[in-house]
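J.: Below you will find the structure I want to go over with you.
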Amino acid sequence: MAGTGSFETTEFRRAFHQETDLLLRQRVIMFIGIWGGLGLMSIAIGVTTLIMTAIESDKDVLQVLLQRQTLPTLVMAVVWTGVYVGALYAVLRLGLASKRMLQLSMLLIALDGITIVVMRAMGIPGAAVPIALFSHFIGCVLFPWTIRQAVIPLIVILGISTMSKLLIEGSSIGGATWALAFNIIFALPALGVCGFKHSQRVQKSTNRFLNQRYGMLRQELAYARQVHEALFPGPITTGPLQFSYRYEPMSQIGGDYLYTNHRHCKKTGSEQFSVVVLDVTGHGIPAALTVNRLHGEIDLQFAEREDVSPGEMLGVLNRYINLTLAKHSIYATAICLRIDMDRGVVQWASGGHPPAFVRGVDGTLRDLAPTAMVLGACDEEDYNPNEQEMEFAPGDSVIAYTDGAIEARDTAGAMLRIDGLRKIVASYGAESSGNDVQGLWSERILTQVGVHRGGLPPDDDTLIIEVFRPVQAAGSKRDDDPDSVLESIGAG
């Protein structure tokens, strides 16, 4: 199965080949138009000169054109012109494939060389191999060739020239060898230009391709983030139980996840509010894809069972991850909470997740410690969620978080750790009423984590949640703002 890298390489090659094909077509038309036009102009000037000379000398024009030295030149000129006109027709009308277009470009350069060599062998004045090599130089400058492609017409030109010297012109082997060496040296700059142009074009195409891919990726990530965060619940700002959270992914999307379920349980007759906080190993898109899979499993459990407990939910998640994700070295930590309003308790089961806090109305802190190991590390038979419960009275808050909060580092590299986070949560004195801080812990903790980092971007996804049980009637407002208190403790 091809990986992402091979896919992008294939996609780049396809785009580069399409760009090369278009450029080659344009340059072949340009070459035929300019170089072929100059050739036709030279032929026309030569023929006109012969005719004018014949007329001035009172000679028969036809006899002059059919002379032994003139007729071969005219034949070569007609053949050369026919090939160029046929090539132009093929490009404009036949819609040649890219491979044929490449072959045509090399054929035109080879044709120039063969024409010059044949004319030289026939003793026609002005026919010299450097003229053919100059045509090859123009081809190297104009056509989007690789060095290997540029060598092919050069081999044809030099081969025909060497054979002509040995077999037709009667040159010695030494003389033909020296001529060949000279022609090779003369052709080296053309190959150098060709190689440099090709490498520059590959670099520019690569940069352009990467810029386009980056722009597309940013758009896709922005849309993926919208889809990902649409799975998150909305805040609850009024009523006997209130809920808020703040989420700061390391990249566009991340592997921290939050699920809530608020319902009246018919079996027990109580109001229950359930929360699942997940932290999947890894970051970015792979972690977000894992979260989406886990979301479906959690949603299914709450849809099928109205009384699913935190311990049962933790066991289900462990089984799912162990069977489907652990073989890919993907694991997760999670804390599952259920607040029973009628009984006034919070039940929890935590699989390797950092301890949550219950902050009492008097400012005291109680830990909701981990009750089981990391999800996916063992099979269903060996996993014990060990669900527990604790009193949750009016004025209390449950504050949970992912390890991005406690692993945040300052500029010196020191982590905030659990004690630092506990200090932030404990920053209010016992004289502060519970409602003074309702709905603010998630925002203020995330702010203080940012202060601890010294304004640097996060090294991990960070999720902070608060579930709050107001003392007063829903919708009451605070008289003061805790910003100054939080700022006074700093990063701790």
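Ligands are numbered from 1 in the order shown, residues from 1 within each chain, and chains are lettered A, B, ... in the order they appear in the structure tokens.
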Determine which residues of region 218-372 of chain A receive a DSSP assignment of strand (DSSP E or B), computed from the backbone, and state them as a count of residues only.
T.: 55
J.: So how far away is CA of Ile406 (chain A) from CA of Tyr245 (chain A), in Å?
T.: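 Computing it gives 16.3 Å between the two atoms.
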J.: If I take CA of Tyr89 (chain A) and CA of Gly195 (chain A), how far is one from the other in Å, to one decimal?
T.: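 Taking CA of Tyr89 (chain A) and CA of Gly195 (chain A), their separation equals 29.8 Å.
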J.: Using only C-alpha atoms, pick whichever of A:Ala400, A:Glu248, A:His452, A:Tyr383 has the shortest atom-to-atom distance to Arg417 (chain A).
T.: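 Ranking A:Ala400, A:Glu248, A:His452, A:Tyr383 by distance to Arg417 (chain A), first place goes to A:His452.
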J.: Using only C-alpha atoms, which of the listed residues (A:Leu231, A:Ala179, A:Met341, A:Leu96) sits closest to Ala128 (chain A)?
T.: A:Ala179
J.: Out of A:Ile152, A:Leu446, A:Leu94, A:Leu463, which residue has the shortest atom-to-atom distance to Leu258 (chain A) when counting only C-alpha atoms?
T.: A:Leu463
J.: Can you pull out the residues contacting Tyr331 (chain A)? Cut-off 8 Å, using only C-alpha atoms, and skip same-chain residues under 6 positions away; I want them as a list of chain:residue names.
T.: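 Near Tyr331 (chain A), the qualifying residues are A:Val280, A:Thr281, A:Ile321, A:Leu325, A:Val374, A:Leu375, A:Gly376, A:Ala377.
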J.: Between A:Leu24, A:Val276, A:Val346, A:Ala414, which residue has the minimum interatomic distance to His295 (chain A), considering only C-alpha atoms?
T.: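 Closest to His295 (chain A), using only C-alpha atoms: A:Val276.
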J.: Would you pick out the contacts of Ser244 (chain A) at 8 Å or less, using only C-alpha atoms, so that residues sharing its chain but fewer than 4 positions from it are not included, and give the list as a list in words?
T.: Gly234, Pro235, Ile236, Thr237, Gly439, Ser442, Ile465, Glu466 and Val467 of chain A
J.: Which neighbours of region 204-215 of chain A fall inside 7 Å, counting only C-alpha atoms, when residues of the same chain fewer than 4 positions from it are skipped, and could you give them as a ChimeraX atom specification?
T.: /A:12,16,200,219
